[in-house]
$ cat start.pdb   # PDB, C-alpha atoms
ATOM      1  CA  MET R   1      88.274 160.522 129.627
ATOM      2  CA  GLY R   2      84.663 159.620 128.930
ATOM      3  CA  LEU R   3      81.133 160.595 128.013
ATOM      4  CA  GLN R   4      80.436 162.136 131.377
ATOM      5  CA  ASN R   5      82.970 164.916 130.683
ATOM      6  CA  SER R   6      81.070 166.147 127.621
ATOM      7  CA  GLY R   7      79.213 169.456 127.816
ATOM      8  CA  ILE R   8      76.680 168.134 125.311
ATOM      9  CA  LEU R   9      75.948 165.136 127.520
ATOM     10  CA  ALA R  10      75.692 167.328 130.629
ATOM     11  CA  ASP R  11      73.122 169.567 128.929
ATOM     12  CA  SER R  12      71.126 166.581 127.645
ATOM     13  CA  TYR R  13      71.241 164.944 131.067
ATOM     14  CA  SER R  14      70.019 168.120 132.808
ATOM     15  CA  VAL R  15      67.117 168.528 130.397
ATOM     16  CA  SER R  16      66.149 164.862 130.641
ATOM     17  CA  VAL R  17      66.230 164.620 134.437
ATOM     18  CA  ASN R  18      64.038 167.718 134.778
ATOM     19  CA  SER R  19      61.398 166.680 132.272
ATOM     20  CA  GLY R  20      59.555 163.558 133.341
ATOM     21  CA  SER R  21      59.990 160.023 134.676
ATOM     22  CA  ALA R  22      63.372 158.313 134.925
ATOM     23  CA  ASP R  23      62.680 156.012 131.970
ATOM     24  CA  ALA R  24      61.505 158.899 129.803
ATOM     25  CA  ALA R  25      64.513 160.950 130.867
ATOM     26  CA  VAL R  26      66.885 158.127 129.978
ATOM     27  CA  ALA R  27      65.163 157.720 126.606
ATOM     28  CA  ARG R  28      65.531 161.441 125.894
ATOM     29  CA  LEU R  29      69.158 161.356 126.988
ATOM     30  CA  ALA R  30      69.800 158.417 124.665
ATOM     31  CA  GLU R  31      68.211 160.350 121.815
ATOM     32  CA  GLY R  32      70.326 163.406 122.665
ATOM     33  CA  ILE R  33      73.504 161.309 122.528
ATOM     34  CA  ARG R  34      72.413 159.743 119.245
ATOM     35  CA  ALA R  35      71.643 163.133 117.678
ATOM     36  CA  ASN R  36      74.987 164.574 118.758
ATOM     37  CA  ALA R  37      77.204 161.524 118.145
ATOM     38  CA  TRP R  38      79.561 163.333 115.766
ATOM     39  CA  GLU R  39      79.979 166.360 118.053
ATOM     40  CA  LEU R  40      80.563 164.070 121.028
ATOM     41  CA  ALA R  41      83.217 162.175 119.065
ATOM     42  CA  LEU R  42      84.978 165.464 118.277
ATOM     43  CA  GLU R  43      84.916 166.302 121.991
ATOM     44  CA  PHE R  44      86.490 162.915 122.710
ATOM     45  CA  VAL R  45      89.331 163.776 120.345
ATOM     46  CA  GLU R  46      89.774 167.249 121.839
ATOM     47  CA  GLU R  47      89.910 165.772 125.329
ATOM     48  CA  GLY R  48      92.428 163.151 124.202
ATOM     49  CA  LEU R  49      94.638 165.871 122.736
ATOM     50  CA  ARG R  50      94.278 168.115 125.796
ATOM     51  CA  ASP R  51      97.234 167.803 128.182
ATOM     52  CA  ASP R  52      98.569 165.022 125.910
ATOM     53  CA  ALA R  53      96.140 162.530 127.486
ATOM     54  CA  ILE R  54      96.470 160.250 124.436
ATOM     55  CA  PRO R  55      99.805 161.238 122.835
ATOM     56  CA  SER R  56      99.378 159.093 119.727
ATOM     57  CA  LEU R  57      96.296 161.063 118.623
ATOM     58  CA  ALA R  58      98.478 164.064 117.776
ATOM     59  CA  ARG R  59     100.342 162.032 115.135
ATOM     60  CA  ILE R  60      97.347 161.307 112.880
ATOM     61  CA  GLY R  61      94.749 163.316 110.960
ATOM     62  CA  GLN R  62      91.235 164.106 112.199
ATOM     63  CA  ILE R  63      89.541 161.205 110.408
ATOM     64  CA  GLY R  64      92.090 158.834 111.918
ATOM     65  CA  GLN R  65      91.644 160.461 115.317
ATOM     66  CA  LEU R  66      87.910 159.822 115.215
ATOM     67  CA  GLY R  67      88.287 156.208 114.108
ATOM     68  CA  ASP R  68      85.173 154.245 115.136
ATOM     69  CA  VAL R  69      84.345 156.522 118.072
ATOM     70  CA  PRO R  70      81.157 157.976 116.421
ATOM     71  CA  THR R  71      79.891 154.427 115.851
ATOM     72  CA  PHE R  72      80.629 153.477 119.467
ATOM     73  CA  ILE R  73      78.690 156.517 120.697
ATOM     74  CA  LEU R  74      75.696 155.569 118.560
ATOM     75  CA  GLU R  75      75.800 152.044 119.984
ATOM     76  CA  LEU R  76      76.096 153.448 123.513
ATOM     77  CA  SER R  77      72.967 155.515 122.953
ATOM     78  CA  ARG R  78      71.127 152.404 121.768
ATOM     79  CA  GLU R  79      72.265 150.481 124.837
ATOM     80  CA  LEU R  80      71.270 153.347 127.107
ATOM     81  CA  GLY R  81      67.743 153.524 125.689
ATOM     82  CA  ASP R  82      67.276 149.774 125.244
ATOM     83  CA  PRO R  83      69.797 147.672 127.234
ATOM     84  CA  GLN R  84      70.563 144.352 125.528
ATOM     85  CA  PRO R  85      73.580 142.432 126.869
ATOM     86  CA  ALA R  86      73.751 140.354 123.664
ATOM     87  CA  ARG R  87      74.667 143.528 121.795
ATOM     88  CA  LEU R  88      78.010 143.559 123.627
ATOM     89  CA  ARG R  89      78.629 139.835 123.766
ATOM     90  CA  ARG R  90      81.823 138.442 122.229
ATOM     91  CA  GLY R  91      81.228 137.693 118.579
ATOM     92  CA  SER R  92      78.572 140.406 118.188
ATOM     93  CA  PRO R  93      78.987 143.037 115.427
ATOM     94  CA  LEU R  94      79.841 145.716 118.004
ATOM     95  CA  ALA R  95      82.422 143.500 119.722
ATOM     96  CA  ALA R  96      83.966 142.713 116.324
ATOM     97  CA  ARG R  97      84.144 146.429 115.515
ATOM     98  CA  VAL R  98      85.861 147.107 118.837
ATOM     99  CA  HIS R  99      88.412 144.376 118.026
ATOM    100  CA  ASP R 100      89.078 146.013 114.659
ATOM    101  CA  HIS R 101      89.317 149.449 116.251
ATOM    102  CA  ALA R 102      91.864 148.222 118.799
ATOM    103  CA  ARG R 103      93.992 146.563 116.144
ATOM    104  CA  GLU R 104      93.851 149.610 113.862
ATOM    105  CA  ARG R 105      94.922 151.802 116.774
ATOM    106  CA  GLU R 106      97.759 149.387 117.547
ATOM    107  CA  ALA R 107      98.893 149.496 113.908
ATOM    108  CA  LEU R 108      99.047 153.294 114.200
ATOM    109  CA  GLY R 109     101.366 152.966 117.206
ATOM    110  CA  PHE R 110      98.824 153.443 120.036
ATOM    111  CA  ALA R 111      99.794 151.872 123.352
ATOM    112  CA  PRO R 112      97.186 149.611 125.045
ATOM    113  CA  ARG R 113      96.739 152.240 127.796
ATOM    114  CA  GLU R 114      95.853 154.873 125.182
ATOM    115  CA  ILE R 115      93.180 152.686 123.587
ATOM    116  CA  VAL R 116      91.634 151.885 126.948
ATOM    117  CA  THR R 117      91.701 155.608 127.836
ATOM    118  CA  GLU R 118      89.637 156.368 124.716
ATOM    119  CA  LEU R 119      86.824 154.212 126.059
ATOM    120  CA  ASP R 120      87.202 154.958 129.772
ATOM    121  CA  ALA R 121      84.373 156.347 131.930
ATOM    122  CA  ASP R 122      83.658 157.178 135.583
ATOM    123  CA  GLU R 123      80.352 157.348 137.473
ATOM    124  CA  LEU R 124      77.345 159.496 136.625
ATOM    125  CA  LEU R 125      74.374 158.385 138.767
ATOM    126  CA  VAL R 126      72.041 155.712 137.384
ATOM    127  CA  VAL R 127      72.574 156.724 133.778
ATOM    128  CA  GLU R 128      76.339 156.633 134.185
ATOM    129  CA  ARG R 129      76.234 153.168 135.757
ATOM    130  CA  ARG R 130      74.429 151.837 132.721
ATOM    131  CA  LEU R 131      76.900 153.550 130.429
ATOM    132  CA  ASN R 132      79.780 152.206 132.479
ATOM    133  CA  ASP R 133      78.540 148.638 132.051
ATOM    134  CA  THR R 134      78.555 149.175 128.299
ATOM    135  CA  ILE R 135      81.938 150.904 128.211
ATOM    136  CA  ASP R 136      83.457 148.230 130.457
ATOM    137  CA  GLN R 137      82.419 145.687 127.849
ATOM    138  CA  LEU R 138      84.073 147.747 125.111
ATOM    139  CA  VAL R 139      87.260 148.160 127.130
ATOM    140  CA  THR R 140      87.280 144.415 127.762
ATOM    141  CA  GLU R 141      87.012 143.781 124.030
ATOM    142  CA  CYS R 142      90.016 146.072 123.438
ATOM    143  CA  VAL R 143      92.065 144.179 126.006
ATOM    144  CA  VAL R 144      90.915 140.826 124.617
ATOM    145  CA  ALA R 145      91.925 141.942 121.117
ATOM    146  CA  TYR R 146      95.454 142.593 122.350
ATOM    147  CA  PHE R 147      95.658 139.274 124.191
ATOM    148  CA  ASP R 148      94.217 137.367 121.226
ATOM    149  CA  ARG R 149      96.850 138.846 118.939
ATOM    150  CA  ALA R 150      99.663 138.283 121.438
ATOM    151  CA  THR R 151      98.576 134.684 122.042
ATOM    152  CA  ALA R 152      98.320 134.014 118.298
ATOM    153  CA  GLU R 153     101.794 135.469 117.742
ATOM    154  CA  LEU R 154     103.247 133.327 120.525
ATOM    155  CA  ALA R 155     101.646 130.224 119.025
ATOM    156  CA  ILE R 156     103.116 131.074 115.620
ATOM    157  CA  GLN R 157     106.561 131.795 117.046
ATOM    158  CA  ALA R 158     106.542 128.498 118.934
ATOM    159  CA  ARG R 159     106.403 126.746 115.549
ATOM    160  CA  ARG R 160     109.096 128.875 113.927
ATOM    161  CA  ASP R 161     112.865 128.655 113.908
ATOM    162  CA  PRO R 162     113.943 131.963 115.494
ATOM    163  CA  LEU R 163     116.874 132.531 113.109
ATOM    164  CA  THR R 164     115.226 131.819 109.739
ATOM    165  CA  GLN R 165     111.488 132.071 110.604
ATOM    166  CA  LEU R 166     110.925 128.814 108.726
ATOM    167  CA  LEU R 167     109.006 126.046 110.468
ATOM    168  CA  ASN R 168     111.074 124.311 113.130
ATOM    169  CA  HIS R 169     111.775 120.557 113.102
ATOM    170  CA  THR R 170     108.677 119.593 115.101
ATOM    171  CA  ALA R 171     106.267 121.843 113.214
ATOM    172  CA  PHE R 172     107.594 120.770 109.808
ATOM    173  CA  SER R 173     107.318 117.070 110.709
ATOM    174  CA  GLU R 174     103.726 117.607 111.863
ATOM    175  CA  GLN R 175     102.901 119.332 108.581
ATOM    176  CA  VAL R 176     104.403 116.475 106.602
ATOM    177  CA  ASP R 177     102.189 113.981 108.468
ATOM    178  CA  SER R 178      99.137 116.170 107.902
ATOM    179  CA  GLU R 179      99.811 116.651 104.187
ATOM    180  CA  LEU R 180     100.563 112.946 103.778
ATOM    181  CA  GLU R 181      97.153 112.038 105.183
ATOM    182  CA  ARG R 182      95.512 114.516 102.822
ATOM    183  CA  ALA R 183      97.509 113.206  99.854
ATOM    184  CA  LYS R 184      96.406 109.641 100.582
ATOM    185  CA  ARG R 185      92.802 110.727 100.948
ATOM    186  CA  TYR R 186      92.679 112.573  97.624
ATOM    187  CA  GLY R 187      95.257 110.592  95.660
ATOM    188  CA  HIS R 188      97.802 113.398  95.373
ATOM    189  CA  GLY R 189     101.576 113.100  95.190
ATOM    190  CA  LEU R 190     104.116 114.721  97.531
ATOM    191  CA  THR R 191     107.825 115.412  97.108
ATOM    192  CA  LEU R 192     110.171 115.734 100.081
ATOM    193  CA  LEU R 193     113.486 117.545  99.608
ATOM    194  CA  PHE R 194     116.122 117.296 102.335
ATOM    195  CA  PHE R 195     119.411 119.211 102.005
ATOM    196  CA  ASP R 196     122.283 120.713 103.943
ATOM    197  CA  VAL R 197     124.868 123.409 103.228
ATOM    198  CA  ASP R 198     128.224 122.061 102.057
ATOM    199  CA  ASP R 199     131.158 122.706 104.404
ATOM    200  CA  PHE R 200     129.054 124.897 106.664
ATOM    201  CA  LYS R 201     131.466 124.373 109.553
ATOM    202  CA  ALA R 202     134.206 125.919 107.429
ATOM    203  CA  ILE R 203     132.020 129.018 106.881
ATOM    204  CA  ASN R 204     131.619 129.407 110.640
ATOM    205  CA  ASP R 205     135.302 128.719 111.326
ATOM    206  CA  THR R 206     136.765 130.993 108.650
ATOM    207  CA  LEU R 207     134.165 133.766 108.337
ATOM    208  CA  GLY R 208     132.648 133.670 111.820
ATOM    209  CA  HIS R 209     129.296 132.604 113.276
ATOM    210  CA  PRO R 210     127.516 135.885 112.377
ATOM    211  CA  GLU R 211     128.352 135.188 108.723
ATOM    212  CA  GLY R 212     127.158 131.616 109.173
ATOM    213  CA  ASP R 213     123.844 132.905 110.534
ATOM    214  CA  ARG R 214     123.566 135.303 107.583
ATOM    215  CA  VAL R 215     124.080 132.407 105.162
ATOM    216  CA  LEU R 216     121.313 130.403 106.854
ATOM    217  CA  ARG R 217     118.939 133.363 106.635
ATOM    218  CA  ALA R 218     119.821 133.810 102.946
ATOM    219  CA  VAL R 219     119.028 130.136 102.317
ATOM    220  CA  ALA R 220     115.658 130.605 104.053
ATOM    221  CA  ASP R 221     114.956 133.689 101.909
ATOM    222  CA  VAL R 222     115.622 131.703  98.733
ATOM    223  CA  LEU R 223     113.234 128.955  99.866
ATOM    224  CA  THR R 224     110.530 131.468 100.761
ATOM    225  CA  ASP R 225     110.856 133.210  97.391
ATOM    226  CA  THR R 226     111.003 129.983  95.362
ATOM    227  CA  LEU R 227     108.187 127.961  96.922
ATOM    228  CA  ARG R 228     104.535 128.119  95.972
ATOM    229  CA  ALA R 229     102.102 129.266  98.662
ATOM    230  CA  SER R 230     100.955 125.671  99.180
ATOM    231  CA  ASP R 231     104.482 124.302  99.720
ATOM    232  CA  ILE R 232     106.222 124.071 103.102
ATOM    233  CA  ALA R 233     109.794 124.745 104.215
ATOM    234  CA  GLY R 234     111.528 124.085 107.523
ATOM    235  CA  ARG R 235     114.888 124.303 109.206
ATOM    236  CA  MET R 236     115.532 120.867 110.626
ATOM    237  CA  GLY R 237     118.528 121.870 112.713
ATOM    238  CA  GLY R 238     121.998 123.335 112.152
ATOM    239  CA  ASP R 239     122.505 123.737 108.404
ATOM    240  CA  GLU R 240     119.848 121.181 107.439
ATOM    241  CA  PHE R 241     116.664 122.242 105.629
ATOM    242  CA  ALA R 242     113.615 120.436 104.293
ATOM    243  CA  VAL R 243     110.944 121.276 101.738
ATOM    244  CA  LEU R 244     107.612 119.584 101.075
ATOM    245  CA  LEU R 245     106.185 120.116  97.584
ATOM    246  CA  VAL R 246     102.434 119.520  97.725
ATOM    247  CA  GLU R 247     100.436 117.833  94.937
ATOM    248  CA  THR R 248     103.448 116.972  92.775
ATOM    249  CA  ASP R 249     104.497 114.120  90.503
ATOM    250  CA  ILE R 250     107.864 112.380  90.557
ATOM    251  CA  GLU R 251     109.434 114.805  88.048
ATOM    252  CA  SER R 252     108.491 117.907  90.055
ATOM    253  CA  GLY R 253     111.290 117.467  92.576
ATOM    254  CA  GLY R 254     113.979 117.632  89.879
ATOM    255  CA  ILE R 255     112.370 120.714  88.324
ATOM    256  CA  PHE R 256     112.222 122.470  91.690
ATOM    257  CA  LEU R 257     115.812 121.473  92.446
ATOM    258  CA  ALA R 258     116.994 123.079  89.188
ATOM    259  CA  ARG R 259     115.220 126.320  90.132
ATOM    260  CA  LEU R 260     116.818 126.159  93.552
ATOM    261  CA  TYR R 261     120.308 125.814  92.025
ATOM    262  CA  ASP R 262     119.598 128.849  89.814
ATOM    263  CA  SER R 263     118.360 130.934  92.759
ATOM    264  CA  PHE R 264     121.384 130.084  94.886
ATOM    265  CA  SER R 265     123.702 130.876  91.959
ATOM    266  CA  GLU R 266     122.090 134.315  91.653
ATOM    267  CA  LYS R 267     122.685 134.931  95.354
ATOM    268  CA  VAL R 268     126.334 133.935  94.957
ATOM    269  CA  ALA R 269     126.724 136.224  91.917
ATOM    270  CA  LYS R 270     125.279 139.146  93.899
ATOM    271  CA  GLY R 271     127.627 138.477  96.815
ATOM    272  CA  GLU R 272     124.738 137.523  99.095
ATOM    273  CA  LEU R 273     126.183 134.031  99.548
ATOM    274  CA  PRO R 274     129.893 133.007  99.706
ATOM    275  CA  GLU R 275     131.551 132.104  96.402
ATOM    276  CA  THR R 276     132.151 128.616  97.765
ATOM    277  CA  PHE R 277     128.486 128.078  98.640
ATOM    278  CA  GLY R 278     127.000 124.738  97.708
ATOM    279  CA  PHE R 279     124.381 122.311  98.990
ATOM    280  CA  SER R 280     123.714 118.601  98.877
ATOM    281  CA  PRO R 281     120.101 117.514  98.226
ATOM    282  CA  GLY R 282     118.103 114.327  98.574
ATOM    283  CA  LEU R 283     114.625 113.792  97.094
ATOM    284  CA  ALA R 284     111.869 111.292  97.883
ATOM    285  CA  HIS R 285     108.390 111.025  96.354
ATOM    286  CA  HIS R 286     105.073 109.774  97.677
ATOM    287  CA  PRO R 287     103.471 107.438  96.738
ATOM    288  CA  SER R 288     105.971 106.061  94.217
ATOM    289  CA  GLU R 289     108.909 105.852  96.682
ATOM    290  CA  GLY R 290     107.415 105.838 100.151
ATOM    291  CA  GLU R 291     104.085 105.567 101.941
ATOM    292  CA  SER R 292     105.024 106.991 105.342
ATOM    293  CA  SER R 293     106.787 110.150 106.485
ATOM    294  CA  ASP R 294     109.526 108.035 108.105
ATOM    295  CA  ALA R 295     110.170 106.244 104.817
ATOM    296  CA  LEU R 296     110.317 109.521 102.899
ATOM    297  CA  PHE R 297     112.709 111.127 105.396
ATOM    298  CA  ARG R 298     114.985 108.047 105.408
ATOM    299  CA  LEU R 299     115.150 107.937 101.622
ATOM    300  CA  ALA R 300     115.711 111.673 101.232
ATOM    301  CA  ASP R 301     118.410 111.586 103.924
ATOM    302  CA  GLN R 302     120.112 108.602 102.247
ATOM    303  CA  ARG R 303     120.159 110.401  98.890
ATOM    304  CA  LEU R 304     121.520 113.554 100.531
ATOM    305  CA  TYR R 305     124.533 111.628 101.794
ATOM    306  CA  GLU R 306     124.949 109.921  98.428
ATOM    307  CA  SER R 307     125.059 113.375  96.838
ATOM    308  CA  LYS R 308     127.619 114.566  99.393
ATOM    309  CA  ARG R 309     129.726 111.441  98.935
ATOM    310  CA  ALA R 310     129.717 111.862  95.154
ATOM    311  CA  LYS R 311     131.057 115.418  95.579
ATOM    312  CA  ASN R 312     133.837 114.252  97.869
ATOM    313  CA  LEU R 313     134.894 111.590  95.360
ATOM    314  CA  ALA R 314     134.870 114.008  92.415
TER     315      ALA R 314
END

$ encode --input "start.pdb" --output "structure tokens"
Amino acid sequence: MGLQNSGILADSYSVSVNSGSADAAVARLAEGIRANAWELALEFVEEGLRDDAIPSLARIGQIGQLGDVPTFILELSRELGDPQPARLRRGSPLAARVHDHAREREALGFAPREIVTELDADELLVVERRLNDTIDQLVTECVVAYFDRATAELAIQARRDPLTQLLNHTAFSEQVDSELERAKRYGHGLTLLFFDVDDFKAINDTLGHPEGDRVLRAVADVLTDTLRASDIAGRMGGDEFAVLLVETDIESGGIFLARLYDSFSEKVAKGELPETFGFSPGLAHHPSEGESSDALFRLADQRLYESKRAKNLA
């Protein structure tokens, strides 16, 4: 699929080649493409629909089918009449538009092959070679857009706990160090909350591991819904979780903990957590109770076990 298959382009090319020098002919061809950009875009869509060449096109309306194709054709005509490699360079407005086009197509369910097919072209003498150079750049941008997204997603997933989608132990610890440096620089406070689920082994043993996994995901949902956008939550391993409350005073941890108890109680009342659900927390505050991340984690962990021990003695 490509410009060379268009009847409009064939007519313009024939007229241009038979009416003057090569440069003048190319200029007239470029003007013909520019003048007929919308009609050419419609032909692209018709060709994509023909023989189901791009199956996903049939699922969307005409405006969606056209997408940014008319704009691409206008840019192709500019490149044909006045070649400028910088116009296609990564980071250029056209390259950015191609990225957006590829991602919009992906969001609509287009496969990578279908997006590349939209911008594909073969050979058509000297004119076609110049067009091919341009279209190759556009196709490359589409492919790069997919790889950029895939690479970004992999990087994000590498920092996430696969079960709960909270930060994993390593990523959370790195964020604590980063936020601690920022807090020291600007004189802000931080509160670290460390907690685990009470008798989690009993949940796994009596209700099964799938139910245990569901409980962990429910805990993560509560944290996600309760935290501010600036706060951070992580699964530290097993049934252990941690929260970092950014820019907080020493009372903030207790206030947040009360909200957390209320949220978990609501989940229990709705049957989304077992009736026996409970958790044991430990809080530590910077700078009043610790200057380093190690000190904060040790103190929070110590208080967690004090909380658990108090429950066992009750």

$ atom_distance --input "start.pdb" --atom1 "atom CA of Thr71 of chain R" --atom2 "atom CA of Leu42 of chain R"
12.4 Å

$ residues_near_point --input "start.pdb" --point "(111.3, 131.2, 111.2)" --cutoff "10 Å" --atoms "only C-alpha atoms" --output "PDB file with C-alpha atoms, in the frame of the given file"
ATOM      1  CA  ILE R 156     103.116 131.074 115.620  1.00  0.00           C
ATOM      2  CA  GLN R 157     106.561 131.795 117.046  1.00  0.00           C
ATOM      3  CA  ALA R 158     106.542 128.498 118.934  1.00  0.00           C
ATOM      4  CA  ARG R 159     106.403 126.746 115.549  1.00  0.00           C
ATOM      5  CA  ARG R 160     109.096 128.875 113.927  1.00  0.00           C
ATOM      6  CA  ASP R 161     112.865 128.655 113.908  1.00  0.00           C
ATOM      7  CA  PRO R 162     113.943 131.963 115.494  1.00  0.00           C
ATOM      8  CA  LEU R 163     116.874 132.531 113.109  1.00  0.00           C
ATOM      9  CA  THR R 164     115.226 131.819 109.739  1.00  0.00           C
ATOM     10  CA  GLN R 165     111.488 132.071 110.604  1.00  0.00           C
ATOM     11  CA  LEU R 166     110.925 128.814 108.726  1.00  0.00           C
ATOM     12  CA  LEU R 167     109.006 126.046 110.468  1.00  0.00           C
ATOM     13  CA  ASN R 168     111.074 124.311 113.130  1.00  0.00           C
ATOM     14  CA  ARG R 217     118.939 133.363 106.635  1.00  0.00           C
ATOM     15  CA  ALA R 220     115.658 130.605 104.053  1.00  0.00           C
ATOM     16  CA  ALA R 233     109.794 124.745 104.215  1.00  0.00           C
ATOM     17  CA  GLY R 234     111.528 124.085 107.523  1.00  0.00           C
ATOM     18  CA  ARG R 235     114.888 124.303 109.206  1.00  0.00           C
TER      19      ARG R 235
END

$ axis_aligned_box --input "start.pdb" --around "segment 235-249 of chain R" --padding-each-side "3 Å" --output "JSON"
{"center_x": 111.5, "center_y": 119.2, "center_z": 101.6, "size_x": 28.1, "size_y": 16.2, "size_z": 28.2}

$ atom_distance --input "start.pdb" --atom1 "atom CA of Ala310 of chain R" --atom2 "atom CA of Asp198 of chain R"
12.4 Å

$ residues_around --input "start.pdb" --residues "Leu57 of chain R" --least-positions-apart "6" --cutoff "10 Å" --atoms "all atoms listed in the file" --output "ChimeraX atom specification"
/R:45-46,48-49,64-66,105,108-110,114

$ resolve_selection --input "start.pdb" --expression "the PyMOL selection byres ((chain R and resi 182-194) around 6)" --output "JSON, numbers by chain"
{"R": [179, 180, 181, 195, 241, 242, 243, 244, 245, 246, 247, 248, 249, 281, 282, 283, 284, 285, 286, 300]}

$ closest_residue --input "start.pdb" --among "R:Leu40, R:Val219, R:Ile203, R:Met236" --to "Leu260 of chain R" --atoms "all atoms listed in the file"
R:Val219

$ atom_distance --input "start.pdb" --atom1 "atom CA of Pro55 of chain R" --atom2 "atom CA of Ala111 of chain R"
9.4 Å

$ resolve_selection --input "start.pdb" --expression "the PyMOL selection byres ((chain R and resi 213) around 10)" --output "NGL selection string"
:R and (163-164 or 203-204 or 208-212 or 214-219 or 238-239)

$ closest_residue --input "start.pdb" --among "R:Glu251, R:Asp301, R:Glu275, R:Glu306" --to "Ser288 of chain R" --atoms "all atoms listed in the file"
R:Glu251

$ closest_residue --input "start.pdb" --among "R:Val222, R:Ala171, R:Ala35, R:Leu304" --to "Ser265 of chain R" --atoms "all atoms listed in the file"
R:Val222
